[in-house]
There are 4 protein chains.
Amino acid sequence: MAANTFGEVFRVTTFGESHGLGIGLIIDGCPAGLDLDLTFIQHELDRRKPGQSKIVTQRKEDESFVIQSGVFEGKTTGTPISIFIPNTDQKSKDYSHISSIYRPSHADFTYQAKYGVRDYAGGGRSSARETAARVAAGSIAKMILNGIGVKINAFVSQVGHVKLDESETLDLTQTEENMVRCPHPQTAQQMIDLIMDVKKSGDTIGGMVSCVIEGCPVGLGAPVFDKLHADLGKAMLSINAVKGFEYGSGFRCITMLGSEHNDIFINQDGNIKTKTNNSGGIQGGISNGMPINFNVAFKPVATIVQGQNTVDTMGKDALAEGKGRHDPCVVPRAVPIVEAMAALVLVDHFLRNKTIKL
Amino acid sequence: MAANTFGEVFRVTTFGESHGLGIGLIIDGCPAGLDLDLTFIQHELDRRKPGQSKIVTQRKEDESFVIQSGVFEGKTTGTPISIFIPNTDQKSKDYSHISSIYRPSHADFTYQAKYGVRDYAGGGRSSARETAARVAAGSIAKMILNGIGVKINAFVSQVGHVKLDESETLDLTQTEENMVRCPHPQTAQQMIDLIMDVKKSGDTIGGMVSCVIEGCPVGLGAPVFDKLHADLGKAMLSINAVKGFEYGSGFRCITMLGSEHNDIFINQDGNIKTKTNNSGGIQGGISNGMPINFNVAFKPVATIVQGQNTVDTMGKDALAEGKGRHDPCVVPRAVPIVEAMAALVLVDHFLRNKTIKL
Amino acid sequence: MAANTFGEVFRVTTFGESHGLGIGLIIDGCPAGLDLDLTFIQHELDRRKPGQSKIVTQRKEDESFVIQSGVFEGKTTGTPISIFIPNTDQKSKDYSHISSIYRPSHADFTYQAKYGVRDYAGGGRSSARETAARVAAGSIAKMILNGIGVKINAFVSQVGHVKLDESETLDLTQTEENMVRCPHPQTAQQMIDLIMDVKKSGDTIGGMVSCVIEGCPVGLGAPVFDKLHADLGKAMLSINAVKGFEYGSGFRCITMLGSEHNDIFINQDGNIKTKTNNSGGIQGGISNGMPINFNVAFKPVATIVQGQNTVDTMGKDALAEGKGRHDPCVVPRAVPIVEAMAALVLVDHFLRNKTIKL
Amino acid sequence: MAANTFGEVFRVTTFGESHGLGIGLIIDGCPAGLDLDLTFIQHELDRRKPGQSKIVTQRKEDESFVIQSGVFEGKTTGTPISIFIPNTDQKSKDYSHISSIYRPSHADFTYQAKYGVRDYAGGGRSSARETAARVAAGSIAKMILNGIGVKINAFVSQVGHVKLDESETLDLTQTEENMVRCPHPQTAQQMIDLIMDVKKSGDTIGGMVSCVIEGCPVGLGAPVFDKLHADLGKAMLSINAVKGFEYGSGFRCITMLGSEHNDIFINQDGNIKTKTNNSGGIQGGISNGMPINFNVAFKPVATIVQGQNTVDTMGKDALAEGKGRHDPCVVPRAVPIVEAMAALVLVDHFLRNKTIKL
């Protein structure tokens with residue numbers, strides 16, 4: 001019912017609005033005995049942080065955090081882990097001009113219609129600020145996954161018409177070397193140039209984040225409804241601005257024949273692998289040990305500097321005017337969010353899998 | 001944890017294997033007082049039924065069903081509705097040849113790896129036969145939605161390279177007029193021809209199902225994790241053979257500017273609408289009253305007549321040989337399944353929405 | 001929301017009414033690889049069966065069952081296990097006389113008020129017939145628990161004023177040796193005599209079932225809300241006719257001092273035990289390895305032969321007349337139900353416990 | 001799985017340890033549009049507060065709280081409400097002496113055994129300090145219930161052998177007039193005297209809290225597993241130190257005949273009521289509009305000043321010595337906790353009931 005909790009065993013509940021005291025989360029179900037690496041949590045939050053480069057919003061948030069429970073002498077205790085991230089740049093006055101208008105392609109109208117009341121400051125709960133809580137939770141999920149050899153790497157694969165050449169082998173260690181988080185330096189530069197152009201014109205642009213997961217154990221995913229890719233899909237679609245999800249061959253499968261799409265099983269040094277990976281590492285909803293890969297489409301940010309026609313809360317014509325501090329393109333900061341949500345899905349299914357056999 | 005239940009308020013739990021006694025389901029949470037239309041349930045099951053035309057599998061299943069509980073004098077009572085659909089064509093012997101091999105791109109390997117045991121007859125639980133239970137449940141969801149004016153129409157929009165021209169206005173009343181379920185007669189014929197060609201060559205082909213939902217009330221969808229499109233996405237991705245989901249502008253949003261993507265609000269006779277519908281009827285994860293639309297990509301069926309190399313359960317080289325009765329293309333029979341899953345998502349959020357305001 | 005499912009990992013969903021086609025259940029989350037003992041399931045159903053002795057209802061139900069899914073070659077496969085128990089003695093005509101009246105202390109009035117419609121035949125869903133499904137599910141839970149050395153023994157400890165002497169050591173192997181299921185033969189005879197007297201007078205009488213669980217591993221139970229005794233309490237209180245639950249010292253604790261109530265820890269051959277067991281085997285909501293014990297109070301059956309004043313569905317004065325086939329005292333048949341519900345709680349927490357530590 | 005969340009629609013997740021930064025909670029699912037009365041929240045927290053009188057622990061906690069989200073301009077918005085209650089008296093040093101011993105009848109041993117690690121300071125998560133979060137959440141539930149005329153009144157009905165005379169009519173407005181919260185002044189004084197005596201002897205004593213709920217709408221409760229009394233029972237049993245729960249006739253029903261136990265229906269000015277109320281306001285698991293009443297047994301607090309034999313974490317003999325600041329009897333401070341948990345159950349079922357009929 002209440003929809004601010006994600007996961008079955010490793011359960012994350014987030015709270016907080018863009019311009020309130022802060023945002024935060026509780027993880028209930030994190031196994032006891034994990035050495036919590038606070039530096040890593042901060043590192044992940046910093047990857048999502050506003051103001052980190054010229055191609056993202058220039059808002060300033062410290063993204064410092066406080067762990068309020070669930071940890072004793074540096075170790076998780078199996079009790080709920082509560083993390084609070086204070087808001088440090090919530091200029092409520094900035095938003096008074098939007099209290100009575102519905103910004104195009106924002107959630108203003110639908111929140112008002114659904115709840116009969118809304119926190120209009122900065123989008124309130126619908127603000128992407130909420131994703132900081134996901135990144136914090138995901139960083140703890142990653143610590144557990146790291147301990148079993150799972151590596152999750154997301155990167156920007158497309159901005160507008162500038163896209164990674166799929167035929168090239170990617171060096172994913174390059175992803176964090178540039179501000180757009182594309183692992184191919186030349187393509188990255190083109191993406192940055194495009195984003196800067198779009199920004200200058202007061203507009204925004206869409207993009208795509210791709211993700212590769214290596215080292216995932218065989219057997220994760222829970223048919224029939226909680227297939228691994230179904231849960232990954234939901235996780236990604238729950239991120240602000242996402243419009244599409246595909247895994248493995250994705251939408252390309254539509255034009256393929258079964259004889260070319262099927263992944264032939266082979267015995268590789270005693271391990272069963274597949275020659276190709278159109279399955280994207282998942283068969284029948286269960287991981288098969290091959291790399292898991294998927295793509296996530298992000299729309300252009302709805303806040304634009306250009307004035308737009310709209311209506312106000314009384315249904316009268318009005319003008320929506322964007323104020324300065326927004327992202328011209330969301331994908332550079334979406335990379336750690338995609339990884340975090342993937343980590344939450346995987347760690348949950350990893351734990352769920354412990355009860356499946358006698 | 002256990003993953004055979006879908007929904008929060010209108011909860012559907014399915015059971016059954018391809019070659020067991022039958023498949024079935026329990027709906028727990030169906031409101032009391034619904035007049036149950038048994039003819040409509042049968043009608044929906046028949047739309048999914050094998051053997052309905054020359055372009056689908058020639059297996060014969062009656063798809064008769066029995067309602068075992070939850071209905072009294074034709075009305076739902078608010079108690080669990082149990083429906084059983086006996087298997088009538090489960091030739092277990094047909095499948096003995098696959099007991100020890102892993103068929104490419106099937107779930108044989110992953111089920112064995114996950115559970116340590118598997119019902120290999122006809123794919124057991126991983127068989128698409130399970131979707132008959134979804135269609136039965138979905139037909140009851142549709143009855144409720146029909147009562148509030150919601151219309152769900154899915155159709156085949158692409159088979160291989162043959163696709164519907166998006167610029168044409170669709171007449172969705174035509175969908176059921178041809179065996180491929182494409183609302184454009186000429187395109188439908190091309191699709192049928194293509195499927196017959198593929199079938200003759202012993203191969204299979206992918207396709208796309210699109211869905212349009214009209215009359216959805218404003219306010220359905222539950223941020224932040226159970227956004228309406230996130231739940232629709234999970235629902236679709238949980239259907240066998242699905243590889244991708246997009247809604248509204250979908251993957252096309254990647255190359256769009258904010259100024260062209262944003263949907264301008266207008267006041268239409270006192271109702272707030274948008275001029276365009278790149279949002280696909282959903283903003284901030286909540287329905288805004290515009291038509292909801294989405295696309296679902298289906299891979300080519302993994303069972304092909306042509307022999308394929310693979311390994312057996314001991315990891316030794318083996319040959320997988322498809323037997324005759326499979327679908328050359330899954331999308332014609334997927335149309336009612338997509339509608340059913342959409343109906344389950346909508347009815348659940350419709351009921352969830354009743355508790356949201358004082 | 002929907003409330004016909006019990007358990008988190010080992011999830012049981014029951015369905016069916018007293019006078020419909022039958023009752024049944026789905027277990028979703030039973031681990032794969034369990035050898036299913038069909039004889040034991042029948043044995044447990046027979047312990048609950050009507051007509052088994054002169055002190056219980058003389059209705060005749062075969063309690064034969066069909067396993068419809070989730071089992072392959074005698075082993076559970078990790079997929080949903082569906083069990084159907086046909087109703088064989090549903091004389092619907094018997095109940096037409098109660099269609100328009102509210103029987104005292106039955107659920108007729110509240111079901112009608114809540115759902116606006118009710119299946120009045122034999123109490124419909126509110127009939128204790130539903131507990132047969134619980135016993136079937138519990139028998140599978142017991143198979144798993146048996147494999148880890150857990151023994152659950154319930155017995156009748158009181159009928160009316162006839163109660164077991166607590167100071168005597170009980171020989172629980174005697175429980176099934178008499179028709180009232182009290183492990184002390186002399187007391188059992190007094191209970192039987194009392195029940196026969198009550199029956200002759202057309203009345204009914206209350207009773208108590210006690211339960212002892214030995215061999216429970218240390219560590220089961222999930223603070224803070226799903227404490228082991230809280231889940232046991234809910235399980236017992238969800239059984240028809242239960243009015244009270246206590247564990248360990250129970251209500252006697254009210255008059256005790258801390259210094260006499262506290263259970264002193266001792267080291268017994270390397271295992272930490274307690275000298276006394278006022279904790280009833282559970283401390284802080286978690287099993288401590290000592291025997292778990294609890295008591296469950298059952299009210300007298302509401303159906304009595306004597307005529308009773310009441311009102312009809314229009315609010316007019318009416319007379320409720322009991323027909324013959326009811327239990328004069330519910331506790332003899334409640335013993336296997338108490339055990340089954342205890343088994344469901346324990347197996348669920350046993351599985352839940354597998355994810356608690358790294 | 002994770003067990004720190006209570007409720008289905010009105011979902012409360014608590015966190016925090018006795019000696020950490022603080023405790024807190026998230027309510028997810030509180031309806032939008034509620035005017036939040038901060039004074040009332042504080043009032044309820046103060047009723048549970050340590051140090052409020054001479055018969056409770058002399059620890060000092062301010063119990064000030066901060067609302068971090070979910071409220072805008074004084075109204076709930078339908079988004080998660082997060083409340084933080086800082087710990088102000090967490091003297092960690094006080095507890096170093098218990099880091100290596102298992103205190104009798106505390107949760108030290110079981111937490112260590114279950115999780116492999118424990119926060120020993122003040123009992124960590126197992127401390128009754130957690131119940132402050134429940135009281136805060138319950139106060140918001142009460143605001144909603146108050147709006148529909150539901151009144152929840154708990155009171156102390158027994159301390160040791162001093163008990164309320166059940167034959168007397170209670171004036172529940174007297175409950176808060178004395179420090180033990182017994183509505184009968186003379187009995188209250190006897191209870192206070194007894195508690196002071198026990199305290200002087202360095203011991204503790206058990207007690208009983210009773211609760212009466214008036215104005216509950218007909219129709220709350222969800223058969224078959226979430227019967228209203230089953231959920232109330234679980235709620236109460238999840239409170240620290242509770243050993244038993246009974247409702248309506250409770251354990252007294254054991255010795256009653258059906259003919260005396262059955263509650264005869266009558267038509268009272270057009271409303272269907274019952275002459276007696278052995279059902280305790282609940283029939284078939286659903287509220288029938290009569291007052292709901294139940295009793296909760298609390299054991300004597302485990303911390304006593306007298307030294308007690310025990311073992312340490314290595315299994316060696318040790319001595320547990322209680323330090324001063326504990327409650328000699330828990331029931332006076334348990335009254336608001338019982339009310340809070342009852343409110344959480346009722347508000348949840350009130351909201352759940354909105355989806356039950358078409």
# chains A, B, ... in the order shown; residues from 1 in each chain; ligands from 1

$ interface_residues --of "chain C" --to "chain B" --cutoff "8 Å" --atoms "only C-alpha atoms" --output "ChimeraX atom specification"
/C:1-4,8-11,14-17,20-23,26,28-29,32-33,68-70,72,77-82,115-119,125

$ select_by_dssp --residues "segment 159-289 of chain B" --states "strand (DSSP E)" --output "number ranges by chain"
B: 159, 162-163, 207-214, 242-247, 265-268, 271-274, 282-283, 286-287

$ residues_around --residues "Val198 of chain D" --least-positions-apart "5" --cutoff "9 Å" --atoms "only C-alpha atoms" --output "JSON, numbers by chain"
{"C": [257], "D": [193, 203, 204, 205, 328, 329]}

$ residues_around --residues "Arg134 of chain D" --least-positions-apart "3" --cutoff "7 Å" --atoms "only C-alpha atoms" --output "ChimeraX atom specification"
/D:131,137-138,337,340-341

$ write_last_selection --atoms "C-alpha atoms" --output "mmCIF file, in the first residue's frame"
data_model
loop_
_atom_site.group_PDB
_atom_site.id
_atom_site.type_symbol
_atom_site.label_atom_id
_atom_site.label_comp_id
_atom_site.auth_asym_id
_atom_site.auth_seq_id
_atom_site.Cartn_x
_atom_site.Cartn_y
_atom_site.Cartn_z
ATOM 1 C CA THR D 131 8.026 2.113 22.678
ATOM 2 C CA ALA D 137 2.928 7.024 15.939
ATOM 3 C CA GLY D 138 -0.092 6.026 17.966
ATOM 4 C CA ILE D 337 1.693 2.195 24.982
ATOM 5 C CA ALA D 340 -0.997 3.536 21.054
ATOM 6 C CA MET D 341 -0.754 -0.008 19.751
#

$ closest_residue --among "A:Asp108, A:Glu260, A:Asp37, A:Asp327" --to "Lys299 of chain A" --atoms "only C-alpha atoms"
A:Asp327

$ atom_distance --atom1 "atom CA of Val338 of chain C" --atom2 "atom CA of Glu214 of chain C"
15.1 Å

$ select_by_dssp --residues "segment 95-315 of chain C" --states "helix (DSSP H, G or I)" --output "count of residues only"
80

$ residues_around --residues "Ile140 of chain D" --least-positions-apart "6" --cutoff "10 Å" --atoms "only C-alpha atoms" --output "PyMOL selection string"
chain D and resi 27+30+34-38+40-41+44+146+340+343-344+347

$ write_last_selection --atoms "all heavy atoms" --output "compact mmCIF listing (two decimals), in the first residue's frame"
# COMPACT_ATOMS: atom_id res chain seq x y z
N ILE D 27 6.00 6.97 9.47
CA ILE D 27 4.66 6.49 9.14
C ILE D 27 4.50 6.65 7.64
O ILE D 27 4.58 7.75 7.11
CB ILE D 27 3.55 7.30 9.84
CG1 ILE D 27 3.74 7.29 11.35
CG2 ILE D 27 2.17 6.74 9.46
CD1 ILE D 27 2.76 8.21 12.08
N CYS D 30 -0.11 7.39 6.10
CA CYS D 30 -1.04 8.28 6.81
C CYS D 30 -1.79 9.10 5.75
O CYS D 30 -1.16 9.70 4.88
CB CYS D 30 -0.28 9.20 7.76
SG CYS D 30 -1.38 10.30 8.68
N LEU D 34 -4.69 15.58 7.19
CA LEU D 34 -4.89 15.57 8.64
C LEU D 34 -4.18 16.77 9.27
O LEU D 34 -2.99 17.00 9.03
CB LEU D 34 -4.33 14.27 9.23
CG LEU D 34 -4.39 14.12 10.75
CD1 LEU D 34 -5.84 13.94 11.23
CD2 LEU D 34 -3.53 12.94 11.21
N ASP D 35 -4.92 17.52 10.07
CA ASP D 35 -4.29 18.61 10.83
C ASP D 35 -3.51 18.00 11.98
O ASP D 35 -4.10 17.37 12.87
CB ASP D 35 -5.37 19.55 11.40
CG ASP D 35 -5.98 20.40 10.31
OD1 ASP D 35 -5.22 21.06 9.57
OD2 ASP D 35 -7.22 20.39 10.19
N LEU D 36 -2.23 18.18 11.98
CA LEU D 36 -1.40 17.52 12.97
C LEU D 36 -1.32 18.35 14.24
O LEU D 36 -0.90 19.51 14.21
CB LEU D 36 0.00 17.28 12.38
CG LEU D 36 0.67 16.01 12.85
CD1 LEU D 36 -0.15 14.80 12.41
CD2 LEU D 36 2.07 15.91 12.27
N ASP D 37 -1.68 17.74 15.35
CA ASP D 37 -1.70 18.44 16.64
C ASP D 37 -0.42 18.08 17.39
O ASP D 37 -0.34 17.05 18.05
CB ASP D 37 -2.95 17.99 17.41
CG ASP D 37 -3.08 18.67 18.77
OD1 ASP D 37 -2.09 19.28 19.24
OD2 ASP D 37 -4.16 18.57 19.36
N LEU D 38 0.57 18.94 17.29
CA LEU D 38 1.88 18.64 17.89
C LEU D 38 1.79 18.56 19.41
O LEU D 38 2.50 17.77 20.04
CB LEU D 38 2.89 19.71 17.48
CG LEU D 38 3.08 19.89 15.97
CD1 LEU D 38 4.19 20.89 15.70
CD2 LEU D 38 3.42 18.55 15.31
N PHE D 40 -0.59 17.39 21.13
CA PHE D 40 -1.12 16.09 21.52
C PHE D 40 -0.03 15.01 21.44
O PHE D 40 0.05 14.13 22.31
CB PHE D 40 -2.32 15.72 20.65
CG PHE D 40 -2.95 14.42 21.06
CD1 PHE D 40 -3.58 14.30 22.28
CD2 PHE D 40 -2.88 13.31 20.23
CE1 PHE D 40 -4.15 13.09 22.68
CE2 PHE D 40 -3.44 12.10 20.61
CZ PHE D 40 -4.08 12.00 21.83
N ILE D 41 0.79 15.09 20.42
CA ILE D 41 1.91 14.12 20.33
C ILE D 41 2.76 14.23 21.59
O ILE D 41 3.11 13.23 22.21
CB ILE D 41 2.76 14.37 19.06
CG1 ILE D 41 1.90 14.25 17.79
CG2 ILE D 41 3.95 13.41 19.01
CD1 ILE D 41 2.64 14.61 16.50
N GLU D 44 1.11 12.75 24.67
CA GLU D 44 1.15 11.30 24.72
C GLU D 44 2.55 10.81 25.09
O GLU D 44 2.71 9.88 25.89
CB GLU D 44 0.71 10.70 23.38
CG GLU D 44 -0.77 10.91 23.07
CD GLU D 44 -1.69 10.13 24.00
OE1 GLU D 44 -1.89 8.92 23.77
OE2 GLU D 44 -2.20 10.74 24.96
N ASN D 146 -10.07 9.79 16.46
CA ASN D 146 -10.87 10.77 17.17
C ASN D 146 -11.86 11.43 16.21
O ASN D 146 -13.02 11.69 16.56
CB ASN D 146 -9.95 11.83 17.78
CG ASN D 146 -10.64 12.61 18.88
OD1 ASN D 146 -11.33 12.02 19.71
ND2 ASN D 146 -10.47 13.92 18.86
N ALA D 340 -1.62 3.22 22.35
CA ALA D 340 -1.00 3.54 21.05
C ALA D 340 -1.05 2.34 20.11
O ALA D 340 -1.41 2.48 18.93
CB ALA D 340 0.46 3.98 21.27
N ALA D 343 -4.48 1.86 18.88
CA ALA D 343 -4.82 2.87 17.87
C ALA D 343 -4.22 2.51 16.51
O ALA D 343 -4.85 2.68 15.47
CB ALA D 343 -4.32 4.25 18.32
N LEU D 344 -2.99 1.99 16.53
CA LEU D 344 -2.36 1.60 15.26
C LEU D 344 -3.15 0.48 14.58
O LEU D 344 -3.33 0.47 13.37
CB LEU D 344 -0.91 1.16 15.49
CG LEU D 344 0.05 2.28 15.93
CD1 LEU D 344 1.47 1.73 16.10
CD2 LEU D 344 0.06 3.42 14.91
N VAL D 347 -6.67 2.07 13.32
CA VAL D 347 -6.60 2.98 12.18
C VAL D 347 -6.24 2.20 10.93
O VAL D 347 -6.73 2.50 9.82
CB VAL D 347 -5.61 4.14 12.46
CG1 VAL D 347 -4.17 3.76 12.20
CG2 VAL D 347 -6.00 5.37 11.63

$ atom_distance --atom1 "atom CA of Leu194 of chain C" --atom2 "atom CA of Ile55 of chain C"
9.9 Å

$ residues_around --residues "Asp46 of chain B" --least-positions-apart "3" --cutoff "12 Å" --atoms "only C-alpha atoms" --output "PyMOL selection string"
chain B and resi 39-43+49-53+60-65+132+135-136+139+333+335-337

$ residues_around --residues "segment 279-295 of chain A" --least-positions-apart "4" --cutoff "8 Å" --atoms "only C-alpha atoms" --output "count of residues only"
42

$ closest_residue --among "B:Ile195, B:Ala133, B:Ala154, B:Val56" --to "Pro183 of chain B" --atoms "only C-alpha atoms"
B:Ala154
